[in-house]
Every structure is written in C-alpha cells, then in structure tokens.
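See below for the structure under consideration.
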Amino acid sequence: MKKNITRFGILASFFVLFSCNDSNKLTEVVEVPLPTKEEKITIGTPDEVTIEAGSFGLTKLSFGYDGLAPDIRSLTLETHYSKHYVSYTNNLNKEIVSTEYENMPLEDILKKMDLSNAKLRQNAGGYYNHTLYFNLLTPKEQTPKDTLAGSINKEFGSFNNLTNQFKAQAEKQFGSGWVWLVVDRYGKLQITTTDNQDNPLMKNALIPGTPILGIDLWEHAYYLDYQNRKGSYIDAFYKHINWEKANEYYKEALKKVKKV
C-alpha cells in the first residue's frame with residue numbers, strides 16, 4: 001500500500017548529491033527531486049522495487065520504509081534504497097556483462113578488480129556497501145550478544161568503548177565515505193574508514209579485512225533528515241544496528257581467516 005505525505009514549505013527543486021567538486025572524482029549516481037510547496041509525495045514499499053536483469057540482485061528490506069522512523073524517516077529510506085541502491089545495482093550489472101567478472105562472487109570482484117577502472121570500482125563498491133548497510137538495519141534497538149559480544153569486550157574493553165570509537169571515527173570522516181567494523185587477516189576486530197564507495201576488501205584498504213558493520217556517510221543517507229548535523233544521524237543509525245546479523249557476519253569472517 002502506498003502512502004501520500006504532504007510536505008509544507010518551499011524547498012529546493014533539486015537536491016544534487018556529489019562526492020566533491022574535483023573533476024577527477026565520480027559524482028553521485030542520482031539526482032533526487034525534493035517536494036515543492038504542498039506537493040504530495042507517494043511512498044511505496046520495498047517489495048515494489050525492481051531492477052534490470054543481471055548477475056546481482058537487491059537484498060530485501062525486512063521492514064517498511066517507515067520502520068526506522070522517526071530516526072530515519074520514510075522519504076530518506078525510500079530514496080536511499082529505491083534510487084541510490086538500485087542505481088548501483090543496475091550499473092554494476094551493466095559493467096560486468098561479458099567480462100571475467102560476470103559470474104564471479106562479489107567479494108572476489110572487489111579483491112581482484114583494477115582500481116583504475118573507476119566505474120566498476122564505484123558501482124561494485126556501492127553495491128556491496130549498500131547491501132551490507134541494508135542488511136544491518138533493524139527497527140528495534142539491540143546490543144551485541146554471543147560470540148561477537150565476547151570479542152568486543154576482549155578487544156575494546158566494553159561495548160561502550162567500541163561505540164565511542166566507532167562514532168568518533170564517523171564524526172571525523174571528511175567528505176563522502178564509510179566507517180567499518182572489520183575482521184582483519186588475523187581475526188581481530190578493527191575500526192577503519194574508506195572514502196567514496198571503497199571498502200576494506202579492496203587492494204587499497206588501509207586495514208584489509210571483512211566488514212561486519214558499516215555506516216554510510218554519504219549525504220544521501222542523512223541529509224533529508226539531518227542536513228549538516230551528521231552526528232545526529234550517526235546516533236540514529238547506531239540505534240538501529242542489527243547486532244544479531246553482525247554476529248552472523250562475524251562468525252563467517254572468522255571462518256575465512258581460520259580462527260574458528
């Protein structure tokens with residue numbers, strides 16, 4: 001079922017999202033129209049979203065677009081999921097048609113691809129990053145349990161210490177990018193950052209590892225709700241982390257480095 005939302009107040013006719021003004025950098029993939037005065041916005045459902053045929057598909061949201069409100073509102077989540085994520089998915093599928101990557105697992109693509117291939121780098125990264133991001137959101141606030149909880153206490157001292165360090169890194173990240181909690185090659189948990197749509201699986205990673213948690217710090221993830229108040233978005237995101245899913249990713253990552 002679709003919902004009509006009436007917005008009041010005159011807003012800019014277009015919200016153009018970009019990484020920076022450097023002509024050598026890729027710009028964002030979508031221009032998102034904002035509502036004008038008293039314009040009705042139709043909010044659909046995640047199940048209605050479709051993509052073009054290709055090697056990779058969308059991960060399914062386990063809740064409606066209003067499931068994270070008021071922390072992350074319906075319009076923000078729908079725009080992020082049905083426009084930005086869809087664009088990265090479609091563009092990745094187009095980039096790998098009739099190439100060696102067409103039938104390759106995504107993690108292998110990210111590890112092996114030539115980073116000078118800007119379109120593949122941006123869209124493969126964007127697809128992987130957003131898939132992880134949407135898999136790790138949940139309406140109800142959680143705390144870590146099981147194996148991950150024990151490792152967090154051991155390696156960070158406490159969950160609060162992890163939280164403070166993660167949020168501090170997110171606050172310090174300049175421009176568009178991501179902050180990650182990863183399992184490194186030694187099986188240790190580390191917090192790291194990447195710019196644009198890069199991630200720790202790529203050859204250029206400062207701390208190589210398998211992400212088990214990531215926050216999207218591109219403006220498309222929060223600007224409609226929080227404008228320049230990035231810290232408020234970081235707090236909102238942290239309230240909706242699916243730590244059960246992160247624990248699953250953690251145990252899978254440990255198997256890859258043969259620590260279980």
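Residue names in the structure tokens use chain letters A, B, ... in the order shown, residue numbers from 1 in each chain, and ligand numbers from 1 in the order shown.
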Taking the DSSP assignment computed from this structure's backbone, write out as a count of residues only all residues of range 87-259 of chain A that belong to strand (DSSP E). 23
Could you pull out the helix (DSSP H, G or I) residues of range 54-242 of chain A from DSSP and send them as a ChimeraX atom specification? /A:74-96,106-112,118-135,146-156,159-172,219-221,223-226,230-238
Using only C-alpha atoms, find each residue of range 133-234 of chain A with at least one atom at most 10 Å away from an atom of range 78-96 of chain A; report its shortest atom-to-atom pair and that distance in Å (one decimal), sort the rows by chain and rising residue number, and return the result as JSON lines.
{"residue": "A:Phe134", "atom": "CA", "partner": "A:Tyr81", "partner_atom": "CA", "distance": 8.1}
{"residue": "A:His220", "atom": "CA", "partner": "A:His80", "partner_atom": "CA", "distance": 6.6}
{"residue": "A:Ala221", "atom": "CA", "partner": "A:His80", "partner_atom": "CA", "distance": 6.3}
{"residue": "A:Tyr222", "atom": "CA", "partner": "A:His80", "partner_atom": "CA", "distance": 9.1}
{"residue": "A:Leu224", "atom": "CA", "partner": "A:Thr79", "partner_atom": "CA", "distance": 9.6}
I need the chosen residues saved as a short mmCIF file (atom, residue, chain, number, x, y, z; two decimals), in the first residue's frame, with N, CA and C atoms.
data_model
loop_
_atom_site.label_atom_id
_atom_site.label_comp_id
_atom_site.auth_asym_id
_atom_site.auth_seq_id
_atom_site.Cartn_x
_atom_site.Cartn_y
_atom_site.Cartn_z
N PHE A 134 21.98 -2.20 4.33
CA PHE A 134 20.56 -2.50 4.48
C PHE A 134 20.31 -3.83 5.20
N HIS A 220 23.47 11.42 0.94
CA HIS A 220 22.16 10.86 0.59
C HIS A 220 21.59 10.00 1.72
N ALA A 221 22.44 9.55 2.64
CA ALA A 221 21.97 8.70 3.73
C ALA A 221 21.28 9.48 4.84
N TYR A 222 21.52 10.78 4.90
CA TYR A 222 21.01 11.52 6.07
C TYR A 222 20.56 12.95 5.82
N LEU A 224 18.34 14.62 4.07
CA LEU A 224 16.93 14.98 4.12
C LEU A 224 16.41 15.06 5.55
#
Which polymer residues have any atom within 9 Å of an atom of Leu75 in chain A, counting only C-alpha atoms, with same-chain residues fewer than 6 positions away left out, as a PyMOL selection string? chain A and resi 41+43+65-66+224-225
Ala168 in chain A: which residues within 10 Å, counting only C-alpha atoms, same-chain residues fewer than 6 positions away excluded, as a PyMOL selection string? chain A and resi 162+179+231+234
Take the residues from that selection and put them in a file with N, CA and C atoms, as a CSV table (one decimal), in the first residue's frame.
chain,number,residue,atom,x,y,z
A,162,LEU,N,33.7,0.5,22.2
A,162,LEU,CA,33.5,0.3,20.7
A,162,LEU,C,32.6,1.4,20.2
A,179,VAL,N,32.5,4.2,7.5
A,179,VAL,CA,33.3,3.7,8.6
A,179,VAL,C,32.8,2.2,8.8
A,231,GLY,N,26.4,14.2,13.2
A,231,GLY,CA,26.4,13.5,14.4
A,231,GLY,C,25.1,12.9,14.9
A,234,ILE,N,24.5,9.8,12.9
A,234,ILE,CA,25.3,8.7,13.4
A,234,ILE,C,24.7,8.0,14.6
Residues within 10 Å of Lys188 in chain A, please, as a list of chain:residue names. Count only C-alpha atoms; anything in the same chain fewer than 6 positions from it doesn't count. A:Ser151, A:Ile152, A:Glu155, A:Val182, A:Gly209, A:Leu254, A:Val257, A:Lys259
Quick one, how far is CA of Trp178 in chain A from CA of Pro200 in chain A?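 Straight-line distance from CA of Trp178 in chain A to CA of Pro200 in chain A works out to 10.0 Å.
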Counting only C-alpha atoms, what is within 10 Å of Ile207 in chain A, bar same-chain residues fewer than 5 positions away, as a PyMOL selection string? chain A and resi 182-185+190-194+199-202
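Closest to Glu252 in chain A among A:Gly57, A:Gly187, A:Pro208, A:Gly214 is A:Gly187, based on only C-alpha atoms.
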From A:Trp243, A:Gln227, A:Ile215, A:Asp47, residue lying nearest Phe159 in chain A [only C-alpha atoms]: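 Nearest to Phe159 in chain A: A:Trp243.
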Any idea what the distance is between CA of Leu77 in chain A and CA of Thr45 in chain A? 10.5 Å
